[in-house]
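Asker: File follows, start_5.tsv with TSV, C-alpha atoms and all ligand atoms:
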chain	number	residue	atom	x	y	z
A	19	MET	CA	136.60	-5.31	253.56
A	20	GLN	CA	139.31	-7.76	254.61
A	21	LYS	CA	141.66	-6.29	257.22
A	22	GLY	CA	145.27	-5.90	256.05
A	23	LEU	CA	147.93	-8.36	257.25
A	24	LEU	CA	150.32	-7.43	260.03
A	25	LEU	CA	153.74	-8.72	258.93
A	26	VAL	CA	156.51	-8.71	261.50
A	27	ILE	CA	160.03	-9.05	260.10
A	28	SER	CA	163.15	-9.50	262.22
A	29	GLY	CA	166.73	-10.52	261.61
A	30	PRO	CA	170.18	-9.62	262.88
A	31	SER	CA	171.76	-6.37	261.82
A	32	GLY	CA	173.58	-7.08	258.55
A	33	CYS	CA	171.39	-10.03	257.49
A	34	GLY	CA	170.20	-7.95	254.55
A	35	LYS	CA	166.58	-7.52	255.60
A	36	GLY	CA	166.46	-3.94	254.30
A	37	THR	CA	167.56	-5.03	250.81
A	38	VAL	CA	165.20	-8.01	250.78
A	39	LEU	CA	162.25	-5.85	251.86
A	40	LYS	CA	163.02	-3.26	249.18
A	41	GLU	CA	162.82	-6.06	246.62
A	42	VAL	CA	159.52	-7.31	248.09
A	43	MET	CA	158.05	-3.82	248.05
A	44	LYS	CA	158.90	-3.36	244.36
A	45	LYS	CA	156.42	-6.15	243.68
A	46	GLN	CA	153.85	-5.69	246.45
A	47	ASN	CA	152.04	-2.65	247.69
A	48	LEU	CA	152.75	-2.75	251.42
A	49	TYR	CA	152.72	-0.06	254.07
A	50	TYR	CA	156.14	0.09	255.76
A	51	SER	CA	155.62	1.29	259.31
A	52	ILE	CA	158.04	4.10	260.19
A	53	SER	CA	159.43	3.44	263.64
A	54	MET	CA	160.44	5.90	266.29
A	55	THR	CA	163.95	5.78	267.63
A	56	THR	CA	166.15	7.71	270.04
A	57	ARG	CA	169.32	6.79	268.10
A	58	GLN	CA	171.13	9.42	266.06
A	59	PRO	CA	170.40	9.47	262.30
A	60	ARG	CA	173.06	7.82	260.12
A	61	GLU	CA	174.40	9.71	257.16
A	62	GLY	CA	171.67	9.89	254.52
A	63	GLU	CA	168.82	9.02	256.88
A	64	VAL	CA	165.88	11.40	256.77
A	65	ASP	CA	163.52	12.13	259.66
A	66	GLY	CA	160.01	10.90	258.88
A	67	VAL	CA	161.28	8.67	256.04
A	68	HIS	CA	163.67	6.16	257.62
A	69	TYR	CA	162.63	6.79	261.22
A	70	HIS	CA	160.97	9.38	263.37
A	71	PHE	CA	164.03	10.54	265.29
A	72	VAL	CA	162.89	11.60	268.74
A	73	SER	CA	164.30	12.42	272.17
A	74	LYS	CA	164.08	10.00	275.09
A	75	GLU	CA	161.44	12.27	276.66
A	76	GLN	CA	159.27	12.29	273.52
A	77	PHE	CA	159.57	8.51	273.32
A	78	GLU	CA	158.59	8.00	276.94
A	79	THR	CA	155.62	10.36	276.58
A	80	LEU	CA	154.19	8.33	273.70
A	81	ILE	CA	154.64	5.10	275.68
A	82	ALA	CA	152.77	6.64	278.62
A	83	GLN	CA	149.95	7.60	276.23
A	84	ASN	CA	149.73	3.99	275.01
A	85	GLY	CA	150.76	5.28	271.59
A	86	VAL	CA	153.18	2.47	270.74
A	87	LEU	CA	152.26	-1.03	269.63
A	88	GLU	CA	155.57	-2.38	270.94
A	89	HIS	CA	158.94	-1.04	271.95
A	90	ALA	CA	162.39	-2.26	272.97
A	91	GLU	CA	165.86	-1.13	273.79
A	92	TYR	CA	168.59	-2.11	271.34
A	93	CYS	CA	172.27	-1.21	271.75
A	94	GLY	CA	171.41	1.56	274.20
A	95	ASN	CA	168.61	3.20	272.18
A	96	TYR	CA	164.84	2.93	272.22
A	97	TYR	CA	162.93	1.76	269.17
A	98	GLY	CA	159.15	1.52	268.86
A	99	THR	CA	156.19	1.23	266.50
A	100	PRO	CA	153.65	4.08	266.54
A	101	ARG	CA	150.27	2.39	266.98
A	102	GLU	CA	147.91	4.69	265.12
A	103	ALA	CA	149.26	4.47	261.55
A	104	VAL	CA	149.42	0.66	261.74
A	105	GLU	CA	145.79	0.35	262.78
A	106	THR	CA	144.53	2.93	260.26
A	107	MET	CA	146.30	1.19	257.37
A	108	ARG	CA	145.14	-2.29	258.36
A	109	ASN	CA	141.55	-1.08	258.69
A	110	GLU	CA	141.82	0.31	255.15
A	111	GLY	CA	142.75	-3.19	253.99
A	112	LYS	CA	146.47	-2.44	253.47
A	113	ASP	CA	149.09	-4.96	254.54
A	114	VAL	CA	151.55	-3.49	257.03
A	115	ILE	CA	155.21	-4.42	257.54
A	116	LEU	CA	157.01	-3.91	260.84
A	117	GLU	CA	160.78	-4.30	260.64
A	118	ILE	CA	161.62	-4.74	264.31
A	119	GLU	CA	163.98	-6.59	266.64
A	120	VAL	CA	163.16	-9.77	268.56
A	121	VAL	CA	161.89	-8.33	271.89
A	122	GLY	CA	159.39	-6.06	270.14
A	123	ALA	CA	158.35	-8.91	267.84
A	124	ALA	CA	157.53	-11.08	270.87
A	125	GLN	CA	155.30	-8.29	272.20
A	126	VAL	CA	153.46	-8.09	268.87
A	127	ARG	CA	152.96	-11.88	268.77
A	128	GLU	CA	151.53	-11.69	272.29
A	129	ASN	CA	149.24	-8.70	271.68
A	130	CYS	CA	148.22	-9.31	268.07
A	131	PRO	CA	147.61	-13.05	267.60
A	132	ASP	CA	146.79	-12.53	263.91
A	133	ALA	CA	150.30	-11.14	263.20
A	134	VAL	CA	152.46	-13.11	260.76
A	135	SER	CA	156.10	-13.26	261.82
A	136	ILE	CA	159.10	-13.87	259.57
A	137	PHE	CA	162.71	-14.17	260.69
A	138	ILE	CA	165.40	-13.44	258.11
A	139	ALA	CA	168.75	-15.10	258.85
A	140	PRO	CA	172.09	-14.77	257.08
A	141	PRO	CA	173.54	-17.93	255.49
A	142	SER	CA	176.47	-17.81	257.96
A	143	ILE	CA	178.04	-15.64	260.66
A	144	ALA	CA	181.07	-15.02	258.42
A	145	GLU	CA	178.76	-13.61	255.73
A	146	LEU	CA	176.94	-11.47	258.30
A	147	LYS	CA	180.24	-9.90	259.40
A	148	ARG	CA	181.24	-9.32	255.78
A	149	ARG	CA	177.96	-7.50	255.12
A	150	LEU	CA	178.19	-5.40	258.29
A	151	TYR	CA	181.70	-4.23	257.42
A	152	GLY	CA	180.75	-3.78	253.75
A	153	ARG	CA	177.96	-1.38	254.65
A	154	GLY	CA	180.58	1.12	255.82
A	155	THR	CA	178.07	3.23	257.75
A	156	GLU	CA	179.07	2.34	261.30
A	157	SER	CA	182.08	2.57	263.56
A	158	GLU	CA	184.06	-0.51	264.58
A	159	GLU	CA	182.56	-0.23	268.07
A	160	THR	CA	178.97	-0.17	266.78
A	161	ILE	CA	179.67	-3.14	264.50
A	162	GLN	CA	181.13	-5.16	267.40
A	163	GLU	CA	178.10	-4.26	269.50
A	164	ARG	CA	175.76	-5.49	266.77
A	165	ILE	CA	177.69	-8.72	266.21
A	166	ALA	CA	177.41	-9.36	269.96
A	167	GLN	CA	173.58	-9.30	269.59
A	168	VAL	CA	173.52	-12.19	267.13
A	169	ASP	CA	173.88	-14.97	269.72
A	170	ARG	CA	170.83	-13.59	271.51
A	171	GLU	CA	168.78	-12.94	268.35
A	172	LEU	CA	169.31	-16.05	266.20
A	173	PRO	CA	167.85	-18.61	268.67
A	174	CYS	CA	164.62	-16.52	268.70
A	175	ALA	CA	164.07	-17.51	265.06
A	176	VAL	CA	162.29	-20.70	266.17
A	177	GLN	CA	159.47	-18.63	267.70
A	178	TYR	CA	158.58	-17.06	264.34
A	179	ASP	CA	156.01	-18.44	261.90
A	180	TYR	CA	158.59	-18.52	259.09
A	181	LEU	CA	162.36	-18.62	258.71
A	182	VAL	CA	163.84	-17.23	255.50
A	183	ILE	CA	167.57	-17.60	254.82
A	184	ASN	CA	168.92	-14.65	252.88
A	185	ASP	CA	171.52	-16.38	250.75
A	186	GLU	CA	170.40	-14.56	247.65
A	187	VAL	CA	168.19	-11.46	247.76
A	188	GLU	CA	165.96	-12.47	244.83
A	189	SER	CA	165.02	-15.86	246.26
A	190	ALA	CA	164.57	-14.57	249.82
A	191	ALA	CA	162.23	-11.87	248.48
A	192	GLU	CA	160.37	-14.49	246.43
A	193	GLU	CA	159.80	-16.63	249.54
A	194	ILE	CA	158.38	-13.62	251.40
A	195	LEU	CA	156.05	-12.86	248.49
A	196	GLN	CA	154.83	-16.45	248.61
A	197	ILE	CA	154.23	-16.19	252.38
A	198	ILE	CA	152.20	-12.99	251.87
A	199	ALA	CA	150.11	-14.61	249.14
A	200	ALA	CA	149.37	-17.67	251.28
A	201	GLU	CA	148.63	-15.63	254.41
A	202	ARG	CA	146.16	-13.46	252.52
A	203	ILE	CA	144.24	-16.60	251.65
A	204	ARG	CA	144.56	-17.99	255.20
A	205	HIS	CA	143.17	-14.79	256.72
A	206	ARG	CA	140.33	-14.58	254.23
A	207	ASN	CA	137.01	-13.89	255.92
A	208	LYS	CA	135.55	-17.34	255.30
A	209	GLU	CA	132.04	-16.58	256.60
A	210	GLU	CA	131.72	-13.57	254.33
A	211	LYS	CA	132.98	-15.56	251.32
A	212	VAL	CA	130.61	-18.46	251.99
A	213	LYS	CA	127.71	-16.01	252.27
A	214	GLU	CA	128.74	-14.39	248.98
A	215	VAL	CA	128.80	-17.78	247.25
A	216	LEU	CA	125.44	-18.83	248.73
A	217	GLU	CA	123.80	-15.58	247.69
A	218	SER	CA	125.20	-15.54	244.17
A	301	LIG	P1	169.03	0.17	263.17
A	301	LIG	O1	169.64	1.00	264.26
A	301	LIG	O2	170.05	-0.69	262.47
A	301	LIG	O3	168.19	0.98	262.23
A	301	LIG	O4	168.04	-0.85	263.89
A	301	LIG	C1	168.48	-1.65	264.94
A	301	LIG	C2	167.44	-2.74	265.24
A	301	LIG	O5	166.24	-2.14	265.69
A	301	LIG	C3	167.07	-3.56	264.00
A	301	LIG	O6	167.04	-4.92	264.39
A	301	LIG	C4	165.69	-3.06	263.64
A	301	LIG	O7	164.91	-4.07	263.02
A	301	LIG	C5	165.14	-2.73	265.01
A	301	LIG	N1	164.00	-1.80	264.98
A	301	LIG	C6	163.75	-0.80	264.10
A	301	LIG	N2	162.58	-0.21	264.39
A	301	LIG	C7	162.07	-0.85	265.46
A	301	LIG	C8	160.86	-0.72	266.21
A	301	LIG	O8	159.99	0.10	265.95
A	301	LIG	N3	160.70	-1.58	267.26
A	301	LIG	C9	161.62	-2.53	267.60
A	301	LIG	N4	161.33	-3.31	268.63
A	301	LIG	N5	162.75	-2.68	266.90
A	301	LIG	C10	162.99	-1.86	265.85
Starting from the file, lay out its structure as structure tokens.

Answerer:
Amino acid sequence: MQKGLLLVISGPSGCGKGTVLKEVMKKQNLYYSISMTTRQPREGEVDGVHYHFVSKEQFETLIAQNGVLEHAEYCGNYYGTPREAVETMRNEGKDVILEIEVVGAAQVRENCPDAVSIFIAPPSIAELKRRLYGRGTESEETIQERIAQVDRELPCAVQYDYLVINDEVESAAEEILQIIAAERIRHRNKEEKVKEVLES
């Protein structure tokens, strides 16, 4: 069986990656990896659905046990990808999505050379700010903190395999679906396929 793809998606807070990914997942059966974080849940966020909300001690224990595929600190909190679920799903042939920030994404590119990385950028900084304020889920201080990350995050886009500009959700989602389709073909087990053809 062909191993599932490992798709790494990053983009600044407020670029709309959550909305774009929801659209992609309506059309594609993908396993969305649930990250661990030490940040407090936002209103409406459910433990085990949006994140595994853990203490700093729990987080550090899993790191020590080599239980995370990557991890990073973002705005004073830890975020990380539990390793086991990702590997199990990929071995079952399911494509896995990691929605992670740029430091963690660099670790995945380093440790998993077959990962496919996609950076989602907003069409402009003005639009990013509008979306962050429009979300209405964070304090002014948190929003300012997140805007301050953009100058660090955006230049990292050049290190990704693909750059998708989220001007319009539908077309950004469509581009990601096209990337997935092409990458499935690129990662096809060619030897196995050739053998199948020769033996048919
Ligand atoms: P938020 O607090 O808005 O949910 O996430 C803040 C940032 O952390 C976002 O850029 C998000 O993509 C990133 N993030 C979420 N989960 C992980 C993870 O498991 N690892 C890393 N490195 N970043 C993550």

Asker: Select from chain A every residue with an atom at most 10 Å from any atom of ligand LIG 301 (chain A), then for each give the shortest pair of atoms and their distance in Å to one decimal, using only C-alpha atoms and all ligand atoms, rows by chain and rising number, as a tab-separated table.

Answerer:
residue	atom	partner	partner_atom	distance
A:Val26	CA	A:LIG301	O7	9.7
A:Ile27	CA	A:LIG301	O7	7.6
A:Ser28	CA	A:LIG301	O7	5.8
A:Gly29	CA	A:LIG301	O6	6.3
A:Pro30	CA	A:LIG301	O6	5.9
A:Ser31	CA	A:LIG301	O6	5.6
A:Gly32	CA	A:LIG301	O2	8.3
A:Cys33	CA	A:LIG301	O6	9.6
A:Lys35	CA	A:LIG301	O7	8.4
A:Gly36	CA	A:LIG301	O7	8.9
A:Ser51	CA	A:LIG301	O8	8.0
A:Ile52	CA	A:LIG301	O8	7.3
A:Ser53	CA	A:LIG301	O8	4.1
A:Met54	CA	A:LIG301	O8	5.8
A:Thr55	CA	A:LIG301	N2	6.9
A:Thr56	CA	A:LIG301	O1	9.5
A:Arg57	CA	A:LIG301	O1	7.0
A:Gln58	CA	A:LIG301	O1	8.7
A:Pro59	CA	A:LIG301	O1	8.7
A:Arg60	CA	A:LIG301	O3	8.7
A:Glu63	CA	A:LIG301	O3	9.7
A:His68	CA	A:LIG301	O3	8.3
A:Tyr69	CA	A:LIG301	N2	7.7
A:His70	CA	A:LIG301	O8	9.7
A:Val86	CA	A:LIG301	O8	8.7
A:Leu87	CA	A:LIG301	O8	8.6
A:Glu88	CA	A:LIG301	N4	6.3
A:His89	CA	A:LIG301	N4	4.7
A:Ala90	CA	A:LIG301	N4	4.6
A:Glu91	CA	A:LIG301	N4	7.2
A:Tyr92	CA	A:LIG301	O5	6.1
A:Cys93	CA	A:LIG301	C1	7.8
A:Asn95	CA	A:LIG301	O1	8.3
A:Tyr96	CA	A:LIG301	C9	7.8
A:Tyr97	CA	A:LIG301	C8	4.4
A:Gly98	CA	A:LIG301	O8	3.3
A:Thr99	CA	A:LIG301	O8	4.0
A:Pro100	CA	A:LIG301	O8	7.5
A:Leu116	CA	A:LIG301	O8	7.1
A:Glu117	CA	A:LIG301	O7	4.8
A:Ile118	CA	A:LIG301	N5	3.5
A:Glu119	CA	A:LIG301	N5	4.1
A:Val120	CA	A:LIG301	N4	6.7
A:Val121	CA	A:LIG301	N4	6.0
A:Gly122	CA	A:LIG301	N4	3.7
A:Ala123	CA	A:LIG301	N4	6.4
A:Ala124	CA	A:LIG301	N4	8.9
A:Gln125	CA	A:LIG301	N4	8.6
A:Val126	CA	A:LIG301	N4	9.2
A:Glu156	CA	A:LIG301	O2	9.6
A:Thr160	CA	A:LIG301	O1	9.7
A:Arg164	CA	A:LIG301	C1	8.4
A:Gln167	CA	A:LIG301	O6	9.4
A:Glu171	CA	A:LIG301	O6	9.1

Asker: Generate the output file for the selected residues, C-alpha atoms, as a short mmCIF file (atom, residue, chain, number, x, y, z; two decimals), in the coordinates of the input.

Answerer:
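Output file part-v6.cif follows:
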data_model
loop_
_atom_site.label_atom_id
_atom_site.label_comp_id
_atom_site.auth_asym_id
_atom_site.auth_seq_id
_atom_site.Cartn_x
_atom_site.Cartn_y
_atom_site.Cartn_z
CA VAL A 26 156.51 -8.71 261.50
CA ILE A 27 160.03 -9.05 260.10
CA SER A 28 163.15 -9.50 262.22
CA GLY A 29 166.73 -10.52 261.61
CA PRO A 30 170.18 -9.62 262.88
CA SER A 31 171.76 -6.37 261.82
CA GLY A 32 173.58 -7.08 258.55
CA CYS A 33 171.39 -10.03 257.49
CA LYS A 35 166.58 -7.52 255.60
CA GLY A 36 166.46 -3.94 254.30
CA SER A 51 155.62 1.29 259.31
CA ILE A 52 158.04 4.10 260.19
CA SER A 53 159.43 3.44 263.64
CA MET A 54 160.44 5.90 266.29
CA THR A 55 163.95 5.78 267.63
CA THR A 56 166.15 7.71 270.04
CA ARG A 57 169.32 6.79 268.10
CA GLN A 58 171.13 9.42 266.06
CA PRO A 59 170.40 9.47 262.30
CA ARG A 60 173.06 7.82 260.12
CA GLU A 63 168.82 9.02 256.88
CA HIS A 68 163.67 6.16 257.62
CA TYR A 69 162.63 6.79 261.22
CA HIS A 70 160.97 9.38 263.37
CA VAL A 86 153.18 2.47 270.74
CA LEU A 87 152.26 -1.03 269.63
CA GLU A 88 155.57 -2.38 270.94
CA HIS A 89 158.94 -1.04 271.95
CA ALA A 90 162.39 -2.26 272.97
CA GLU A 91 165.86 -1.13 273.79
CA TYR A 92 168.59 -2.11 271.34
CA CYS A 93 172.27 -1.21 271.75
CA ASN A 95 168.61 3.20 272.18
CA TYR A 96 164.84 2.93 272.22
CA TYR A 97 162.93 1.76 269.17
CA GLY A 98 159.15 1.52 268.86
CA THR A 99 156.19 1.23 266.50
CA PRO A 100 153.65 4.08 266.54
CA LEU A 116 157.01 -3.91 260.84
CA GLU A 117 160.78 -4.30 260.64
CA ILE A 118 161.62 -4.74 264.31
CA GLU A 119 163.98 -6.59 266.64
CA VAL A 120 163.16 -9.77 268.56
CA VAL A 121 161.89 -8.33 271.89
CA GLY A 122 159.39 -6.06 270.14
CA ALA A 123 158.35 -8.91 267.84
CA ALA A 124 157.53 -11.08 270.87
CA GLN A 125 155.30 -8.29 272.20
CA VAL A 126 153.46 -8.09 268.87
CA GLU A 156 179.07 2.34 261.30
CA THR A 160 178.97 -0.17 266.78
CA ARG A 164 175.76 -5.49 266.77
CA GLN A 167 173.58 -9.30 269.59
CA GLU A 171 168.78 -12.94 268.35
#

Asker: Would you pick out the contacts of Lys147 in chain A at 9 Å or less, using all atoms listed in the file, so that residues sharing its chain but fewer than 5 positions from it are not included, and give the list as a list in words?

Answerer: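 What passes the distance filter is Gly32, Ser142, Gly152, Ile161 and Ile165 of chain A.
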
Asker: Which of these, A:Glu209, A:Ile198, A:Pro141, A:Val114, has the shortest distance to Asp185 in chain A once you count all atoms listed in the file?

Answerer: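 That would be A:Pro141, the residue with the smallest distance to Asp185 in chain A.
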
Asker: Pick out the closest residue to Leu146 in chain A from this set: A:Glu158, A:Asn184, A:Leu216, A:Val176. Count only C-alpha atoms.

Answerer: A:Asn184

Asker: Rank A:Ile138, A:Cys130, A:Val168, A:Val64 by their smallest atom-to-atom distance to Glu186 in chain A, using all atoms listed in the file, and report the top residue only.

Answerer: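 Closest residue, counting all atoms listed in the file: A:Ile138.
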
Asker: Which one of A:Glu217, A:Arg101, A:Tyr180, A:Lys208 sits closest to Glu193 in chain A if you count all atoms listed in the file?

Answerer: A:Tyr180

Asker: Compile the contact shell of Asp179 in chain A as a PDB file with C-alpha atoms, keeping the file's coordinate frame: residues with an atom at most 8 Å away, counting all atoms listed in the file, same-chain residues fewer than 4 positions apart removed.

Answerer:
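The result, stored in out-v3.pdb:
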ATOM      1  CA  VAL A 134     152.460 -13.110 260.760  1.00  0.00           C
ATOM      2  CA  SER A 135     156.100 -13.260 261.820  1.00  0.00           C
ATOM      3  CA  ILE A 136     159.100 -13.870 259.570  1.00  0.00           C
TER       4      ILE A 136
END

Asker: Any idea what's packed within 7 Å of Tyr49 in chain A, counting all atoms listed in the file, ignoring anything in its chain fewer than 5 positions away? Could you give it as a ChimeraX atom specification?

Answerer: /A:112-115
